[in-house]
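Here the structure comes first, spelled out in structure tokens, and everything after it is commentary.
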Amino acid sequence: MKADTRVSGTKVQPTRDAGGIVLAVLFVLLGLWMIWESADMSALGAVFPRTIAAVMILCSLALVVRQWLHFKARGATADGSTFRRVALILIMGIWVLLLSVLGFFASSLLAFFALLVVANYDGWNRRRAFQYGGAGVAVVGMCYLIFVRLLSVPTPHGLLF
Amino acid sequence: MRLTAIAVVLAVLASPAAAFPTKDVDYIIPFAPGGESDIAARLQQPIFHDQTGKQLIVKYQAGAGGAQAWSQLNKMPADGHTIVGVNLPHIILQPMQGNVGYETDDLTPVFWFHYTPDAILVPVNSELKTLKDLIEFARKNPGALTFSGSGSNSANHLAHQRFDKLAGVKTTYVPFGGTAPSVTAILGNQVKASFGYSTVASTQGDKVRMLAVASDERLPSFPDVPTFKENGIDLVGGAYRGVGVPKGTPEDTRKQVSDAFGKINSDPKLIKTMNDGGFVVINVPYEKMGEFMAKRKQEISETAQDMGIKKK
Amino acid sequence: MVGPLKLADQPQPTYPTDAQPERCDPVDLLPYILQALSPANLGLALAGVVIGTIIGALPGLSATMAVAVLVPFTFGMNPASGLIALGAIYTGAIYGGSFSAILVNTPGTPSSIATTFDGFPMARRGDGNLAVTLATLASVIGGIVGALFLLFLSPPLSMVALAFGPPEYFWLAVFGLTLISALSVGNLLKGLIGACFGLFLATIGVAIVGGDTRFTLDSPFLLGGVDVIAALIGLYCIPVIIDLVATPDPHLRVALQDGGFRLGEAAALCRRSWFNLLRSSVIGTLVGILPGAGGSIASLVAYSEARRSARHPERFGTGEPDGVLATESANNATVGGGFIPTLVLGIPGTPPDAVILGALLVQGIRTGPGLFTGQGDIVYTFIFGLLVATLLMLPVGLLIGRYAYQAIIAVPKAVLVPSVAFLTVIGSFAVHNNPDDVTMMFALGVIGWILNRFGFAPSPIVLGIILGPIAEQGFVQAWLIGSAQNNLLGMFFGRPISATIAALALLTLVYPLIVGAIGKRKTSTQEMPHEG
């Protein structure tokens, strides 16, 4: 089980694994918070969180020490458009928040179109817009029919559908 | 002139005294398919259809032990055609433990149709053959008698707590992740006994023995099992199931839903199936709701306080 | 509004009180075989397998969701047919999960997590169609083994389910956690931290033991805790689409070989690894019998065993066919195995079994050993139907596999990204019909992407979420019982089964160190591409 299972290419720069160190520090903080919160819990309920926190803190500290000392080529930066990545995250974030506001399928349809724009590298012409837009309507529409009409799944209604 | 006449006629026609139901009713079950609430709903479905000509459409909305659906209840359409399954002690216990998204008084139960009485179960080859044996054992070995049950601060746990207090013994409650693991534990002799429901005895048949049941009278399908009351322990209760509506539902409609379920609940075939399964059919209609809920709240808060359940 | 289809009148639920003891002759089984092969049941089996495979293959949709969403559909059918339909969907979805695991590195269902270890590397080097065919053959074999155990050995095997008490579950979970660390070779610390993070996520919500509300920041949203499927979808699928969107490169940089199914090659590999297949299937069946343990644990244990006993263990994780064979046969064996406690004890063996059990109860079927004698026609027809469905997976899988493979490449990325995103949204929603699950899925997805970028793989996290509750409940329950009996040490260390599992856990921890030491001596010049 290898950690770096991404498909896109990576440029490897000989730096410290800065990201890994930062994350390890965050995990230490998480562990400390867990221990602090567990003070309010009953004895039975606190055992596990405290044990996990202890292991997490130990391992994270060990990681920080090891990465700091080893000047290893680990700081892989991903190439590719950061802008599109952030756009995708923002669109999905808004989508998830709007599910109950606008309605499950309404917000999904809008998000689909927005993501089409973000994910398209081949330029736009009228034909492509119709094809892709049509695909979006087809996918979302089919799921609407199956889940709502056929299976009576209670999807959030919100304002629209 | 004509316009006002039409307006008056329309107003009269549109009065909320229209018969219930006027269309299919959405019946939201706040748990996963297959639980007791679901089975009850499935049994009620065909009877509802026969009596009213309309469908009861069961929809599942599980989450946070029911809290997810209950916290959304008042946002749902309030025309009486969206009803939700409600459960005791859940709707009283959950808000007592923290912020679950609703308070007990936010919910509007309109009818309670059955309860599954708490019961003590032991494996069929256990040396504890009667409730007296069990209490004796508990008295001689304080803390050694292990009871499995579903969850902490749950109906099973409450029943255990009350039992210990009323019988004057000290036993150990071992919480499991649900009724099924709790039953596995006694079948496998991992624990000595289990605090569960009468329905478990029904489904497990001759692999378990029910020592006592927390109902007013002996259950028709288990005539050999004494009640706690007979043994001098005033333990009556269990998990209650009913239906509720969103707060905004008008008074008349609430009464109509209550009456509709009352009618379903008096169907003799339904009663027989329920009894065979270990359920106790009760009828708590909307008129009696205030008194019923007040009593339950008092009972449950008392026990909860003993257990130290409080909002943090 | 359409209610569920009524293929037959809804039967009146009954609670039969007695079971009639009957001797079971193999000849008596013949009518049930024929019934299972009736056009209606055959059709249901085929439809179920097709639907299940497609659902499992789509990233974002899971076996649990498939069963949960389609169960109400079966309420109108007669019990045996309804069971066959559900069983076919279930086994198809478990199998289908291998597609998305191999081709997209997003396991369709927790059972397929271990398939990504070797399946995805195989796809990346161009052996994707071989991997899919191997998965197909392995799934069929595993499914048949599990179904055969179900058919002939259910009552005695259900006793195994009962012999597992809290201490056994605790050690089993510990074993699972040691497996995770053993598998994170070269990245041990990050793997452990990931597992701890997963364990932490599992503690969020209301504790079963103690009843405390933990780490919920006093919000109703976190009260329900972290749903496993939502976490699975988020941690695997979201990072994939985030990275998909970033470059114009095609998704799988593979040579467009139309080598077809490579069936002959796959069959030869299977013949050569017949012991691995058999062992993994048995492991899968046994783990499936344990209520609460599912395909994820089964495939993990089978994979680790396959690796430990292989001639070249270091090849595992780089695209070793034996890895795929082990995981896929184990996880489909859990289907049959999981039905054993479900039918005999009324206790669900795996999470989808809980939903299926509900369907059984609604149909009025009383589970128990009496089921095999008193309502044998339903049970035996169902088991044979399951066998038929498993066999059907072979042609169905190969056909769908071919088109799945082409489809991933052919669909323009602009449409692929939003489609997969939509699938993740609906896939996480429909498990419990809870929009909060979608939010959780997405939040974990973003976190998972950040973590993965810096070397923290998603598998340990998800496995931590799955194993956490098992470990914790097992520990606390064993503690309570042991204290009540004044036998704490004996409780944890004195029971034969748990002692065996604990020993296995220890062995797993120690073994890689031995292998690593030997490996260093052998390959001192070879640089490992990934070093923590």
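Each chain in the structure tokens gets a letter, A, B, ..., in the order shown, and its residues are numbered from 1; ligands are numbered from 1 in order too.
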
- Taking only C-alpha atoms into account, which residues of chain B are within 9 Å of chain A, as a list in words? Ile28, Ile57, Val58, Lys59, Tyr60, Gln61 and Lys312 of chain B

- Message: Tell me as a PyMOL selection string which residues belonging to chain C come within 7 Å of chain A, counting only C-alpha atoms.
- Response: chain C and resi 1-2+69+117+183-184+189+193+196+200+207+209-210+212+242-243+245-248+317+413-415+417-418+422+433+438-439+452+454-457+472+476

Restricting it to N, CA, C and O atoms, dump the selection as a short mmCIF file (atom, residue, chain, number, x, y, z; two decimals), in the first residue's frame.
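Generated output (out08.cif):
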data_model
loop_
_atom_site.label_atom_id
_atom_site.label_comp_id
_atom_site.auth_asym_id
_atom_site.auth_seq_id
_atom_site.Cartn_x
_atom_site.Cartn_y
_atom_site.Cartn_z
N MET C 1 -47.33 9.44 -7.57
CA MET C 1 -46.31 8.80 -6.74
C MET C 1 -46.48 7.29 -6.87
O MET C 1 -47.56 6.77 -6.66
N VAL C 2 -45.43 6.63 -7.19
CA VAL C 2 -45.51 5.17 -7.39
C VAL C 2 -44.99 4.47 -6.14
O VAL C 2 -43.90 4.75 -5.67
N VAL C 69 -31.23 1.01 -0.73
CA VAL C 69 -32.15 1.74 -1.59
C VAL C 69 -33.12 0.80 -2.30
O VAL C 69 -34.26 1.16 -2.60
N PHE C 117 -4.76 -2.09 -3.50
CA PHE C 117 -3.32 -2.20 -3.23
C PHE C 117 -2.56 -2.69 -4.44
O PHE C 117 -1.47 -2.21 -4.75
N LEU C 183 1.26 -3.25 6.44
CA LEU C 183 1.13 -3.01 5.01
C LEU C 183 1.68 -1.65 4.59
O LEU C 183 1.91 -1.40 3.42
N SER C 184 1.89 -0.76 5.55
CA SER C 184 2.40 0.55 5.16
C SER C 184 3.91 0.53 5.12
O SER C 184 4.56 1.38 5.71
N LEU C 189 5.18 5.21 9.98
CA LEU C 189 4.69 6.25 10.88
C LEU C 189 3.45 6.93 10.32
O LEU C 189 2.47 7.14 11.02
N ILE C 193 -0.23 6.98 11.99
CA ILE C 193 -0.93 8.23 12.29
C ILE C 193 -2.28 8.25 11.58
O ILE C 193 -3.30 8.64 12.15
N CYS C 196 -4.64 6.14 13.44
CA CYS C 196 -5.08 6.82 14.65
C CYS C 196 -6.11 7.89 14.32
O CYS C 196 -7.10 8.07 15.05
N PHE C 200 -9.81 8.09 15.71
CA PHE C 200 -10.38 9.29 16.31
C PHE C 200 -11.73 9.61 15.69
O PHE C 200 -12.71 9.88 16.37
N ALA C 207 -21.13 7.64 22.41
CA ALA C 207 -20.42 6.38 22.63
C ALA C 207 -21.41 5.29 23.03
O ALA C 207 -22.30 5.52 23.83
N VAL C 209 -20.47 2.69 24.71
CA VAL C 209 -20.10 2.36 26.07
C VAL C 209 -19.86 3.65 26.83
O VAL C 209 -18.96 4.41 26.50
N GLY C 210 -20.68 3.88 27.82
CA GLY C 210 -20.52 5.09 28.63
C GLY C 210 -21.52 6.15 28.24
O GLY C 210 -21.88 6.99 29.05
N ASP C 212 -21.22 8.75 26.59
CA ASP C 212 -20.79 10.14 26.47
C ASP C 212 -20.96 10.62 25.05
O ASP C 212 -20.85 9.86 24.11
N ILE C 242 -10.26 15.91 -7.67
CA ILE C 242 -9.50 17.15 -7.52
C ILE C 242 -8.26 17.09 -8.41
O ILE C 242 -7.91 18.07 -9.09
N ASP C 243 -7.62 15.95 -8.44
CA ASP C 243 -6.43 15.86 -9.28
C ASP C 243 -6.78 15.67 -10.75
O ASP C 243 -6.04 16.08 -11.63
N VAL C 245 -9.10 17.18 -12.31
CA VAL C 245 -9.46 18.47 -12.87
C VAL C 245 -8.22 19.32 -13.15
O VAL C 245 -8.26 20.25 -13.94
N ALA C 246 -7.11 18.95 -12.52
CA ALA C 246 -5.96 19.86 -12.57
C ALA C 246 -5.17 19.78 -13.85
O ALA C 246 -4.47 20.73 -14.20
N THR C 247 -5.25 18.68 -14.55
CA THR C 247 -4.44 18.57 -15.77
C THR C 247 -5.30 18.10 -16.93
O THR C 247 -6.32 17.45 -16.73
N PRO C 248 -4.87 18.41 -18.13
CA PRO C 248 -5.62 17.93 -19.29
C PRO C 248 -5.26 16.50 -19.68
O PRO C 248 -5.81 15.98 -20.64
N GLY C 317 1.78 -5.00 -3.69
CA GLY C 317 1.68 -3.55 -3.59
C GLY C 317 2.18 -2.87 -4.85
O GLY C 317 1.98 -1.68 -5.05
N LYS C 413 -13.07 14.18 -20.27
CA LYS C 413 -12.84 14.49 -18.86
C LYS C 413 -13.83 15.53 -18.34
O LYS C 413 -14.25 15.47 -17.19
N ALA C 414 -14.21 16.48 -19.20
CA ALA C 414 -15.12 17.53 -18.75
C ALA C 414 -16.42 16.96 -18.23
O ALA C 414 -17.03 17.50 -17.32
N VAL C 415 -16.87 15.85 -18.83
CA VAL C 415 -18.12 15.24 -18.37
C VAL C 415 -17.85 14.26 -17.25
O VAL C 415 -18.66 14.07 -16.34
N VAL C 417 -15.66 14.40 -14.77
CA VAL C 417 -15.49 15.02 -13.44
C VAL C 417 -16.84 15.34 -12.78
O VAL C 417 -17.08 14.90 -11.65
N PRO C 418 -17.71 16.10 -13.43
CA PRO C 418 -18.98 16.37 -12.75
C PRO C 418 -19.80 15.12 -12.50
O PRO C 418 -20.52 15.03 -11.50
N PHE C 422 -21.12 14.03 -8.95
CA PHE C 422 -22.53 13.82 -8.65
C PHE C 422 -22.75 12.47 -8.02
O PHE C 422 -23.55 12.30 -7.10
N ASN C 433 -30.21 8.44 3.61
CA ASN C 433 -31.09 9.57 3.27
C ASN C 433 -30.81 10.77 4.17
O ASN C 433 -31.72 11.42 4.67
N VAL C 438 -23.49 13.88 3.21
CA VAL C 438 -22.83 14.46 2.04
C VAL C 438 -21.81 15.50 2.49
O VAL C 438 -20.68 15.54 1.99
N THR C 439 -22.22 16.33 3.44
CA THR C 439 -21.29 17.34 3.95
C THR C 439 -20.07 16.66 4.55
O THR C 439 -18.93 17.07 4.30
N ASN C 452 -3.28 13.12 1.61
CA ASN C 452 -2.68 12.24 0.63
C ASN C 452 -1.51 12.90 -0.08
O ASN C 452 -0.51 12.29 -0.41
N PHE C 454 0.62 14.73 1.10
CA PHE C 454 1.84 14.72 1.90
C PHE C 454 2.13 13.35 2.48
O PHE C 454 2.81 13.22 3.47
N GLY C 455 1.59 12.33 1.82
CA GLY C 455 2.03 10.99 2.15
C GLY C 455 1.17 10.22 3.11
O GLY C 455 1.54 9.13 3.51
N PHE C 456 0.03 10.75 3.51
CA PHE C 456 -0.84 9.99 4.40
C PHE C 456 -1.94 9.34 3.56
O PHE C 456 -2.85 9.98 3.10
N ALA C 457 -1.82 8.03 3.36
CA ALA C 457 -2.75 7.33 2.47
C ALA C 457 -4.13 7.22 3.08
O ALA C 457 -4.28 7.26 4.30
N GLU C 472 -12.92 -0.75 20.41
CA GLU C 472 -13.30 -0.10 21.65
C GLU C 472 -14.37 -0.86 22.39
O GLU C 472 -14.26 -1.13 23.58
N VAL C 476 -13.97 -2.47 26.14
CA VAL C 476 -14.73 -2.05 27.32
C VAL C 476 -15.67 -3.14 27.79
O VAL C 476 -15.81 -3.39 28.99
#

- Item | 9 Å contact set for region 277-284 of chain B, only C-alpha atoms, chain neighbours under 2 positions out, as a ChimeraX atom specification | /B:110-117,197-203,215,219-222,242,258,262,265-266,271-275,286-289,292 /C:14-15

- So which residues touch Gln305 (chain B) within 12 Å, counting only C-alpha atoms, skipping near sequence neighbours fewer than 5 positions away, as a PyMOL selection string? chain B and resi 93+96-97+153+158+161-162+297-300+310-311

Put those residues in a file: N, CA and C atoms, as a short mmCIF file (atom, residue, chain, number, x, y, z; two decimals), in the first residue's frame.
data_model
loop_
_atom_site.label_atom_id
_atom_site.label_comp_id
_atom_site.auth_asym_id
_atom_site.auth_seq_id
_atom_site.Cartn_x
_atom_site.Cartn_y
_atom_site.Cartn_z
N LEU B 93 -35.29 11.28 26.25
CA LEU B 93 -33.90 11.12 26.68
C LEU B 93 -32.91 11.92 25.86
N MET B 96 -32.19 15.48 26.61
CA MET B 96 -31.63 15.66 27.95
C MET B 96 -30.12 15.52 27.95
N GLN B 97 -29.59 14.92 26.89
CA GLN B 97 -28.16 14.62 26.91
C GLN B 97 -27.31 15.66 26.20
N ASN B 153 -27.38 4.68 28.28
CA ASN B 153 -28.39 5.73 28.42
C ASN B 153 -29.53 5.51 27.44
N LEU B 158 -31.97 2.24 31.07
CA LEU B 158 -32.91 2.81 32.03
C LEU B 158 -33.62 1.71 32.80
N GLN B 161 -31.39 0.14 35.30
CA GLN B 161 -31.17 1.02 36.45
C GLN B 161 -32.34 0.95 37.42
N ARG B 162 -33.56 1.05 36.85
CA ARG B 162 -34.74 1.00 37.70
C ARG B 162 -34.86 -0.35 38.40
N LYS B 297 -42.48 11.73 31.05
CA LYS B 297 -41.35 12.63 31.28
C LYS B 297 -40.89 12.53 32.72
N GLN B 298 -41.85 12.44 33.62
CA GLN B 298 -41.48 12.39 35.03
C GLN B 298 -40.71 11.12 35.34
N GLU B 299 -41.27 9.99 34.89
CA GLU B 299 -40.62 8.69 35.11
C GLU B 299 -39.20 8.71 34.61
N ILE B 300 -39.07 9.12 33.35
CA ILE B 300 -37.77 9.03 32.68
C ILE B 300 -36.78 10.00 33.29
N LYS B 310 -27.11 14.34 32.19
CA LYS B 310 -27.48 15.75 32.19
C LYS B 310 -26.76 16.43 31.04
N LYS B 311 -27.27 17.59 30.65
CA LYS B 311 -26.63 18.33 29.58
C LYS B 311 -25.32 18.87 30.08
#

- Could you list the residues in chain C lying within 6 Å of chain B, using only C-alpha atoms, and format the result as a PyMOL selection string? chain C and resi 162-163+208-211+218+220+224+347+358-359+362+432-433+477+484-485

- Message: Among region 111-298 of chain B, which ones does DSSP assign to helix (DSSP H, G or I) (computed from the backbone)? Answer as a ChimeraX atom specification.
- Response: /B:131-140,155-167,179-187,198-207,229-231,251-265,268-277,286-298

- Give the answer as one residue: which of C:Val379, C:Leu217, C:Leu263, C:Ala114 has the shortest atom-to-atom distance to Phe316 (chain C), using only C-alpha atoms?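 Smallest distance to Phe316 (chain C) is found for C:Ala114.
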
- Message: Based on the backbone DSSP call, show me all residues of chain A assigned strand (DSSP E or B), as JSON, numbers by chain.
- Response: {"A": [10, 11, 12, 76, 77, 78]}

Output the selection as a short mmCIF file (atom, residue, chain, number, x, y, z; two decimals), in the first residue's frame - N, CA and C atoms for each residue.
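Result file follows (out-v7.cif):
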data_model
loop_
_atom_site.label_atom_id
_atom_site.label_comp_id
_atom_site.auth_asym_id
_atom_site.auth_seq_id
_atom_site.Cartn_x
_atom_site.Cartn_y
_atom_site.Cartn_z
N THR A 10 4.27 14.35 -10.82
CA THR A 10 4.76 15.17 -9.70
C THR A 10 6.21 15.54 -9.95
N LYS A 11 6.51 16.72 -9.56
CA LYS A 11 7.92 17.13 -9.64
C LYS A 11 8.51 16.96 -8.26
N VAL A 12 9.61 16.27 -8.19
CA VAL A 12 10.20 16.02 -6.89
C VAL A 12 11.33 17.00 -6.64
N ALA A 76 7.14 16.43 -2.58
CA ALA A 76 6.64 16.40 -3.95
C ALA A 76 5.55 17.44 -4.13
N THR A 77 5.73 18.28 -5.11
CA THR A 77 4.66 19.24 -5.38
C THR A 77 3.90 18.76 -6.60
N ALA A 78 2.63 18.91 -6.54
CA ALA A 78 1.83 18.47 -7.68
C ALA A 78 1.78 19.58 -8.70
#
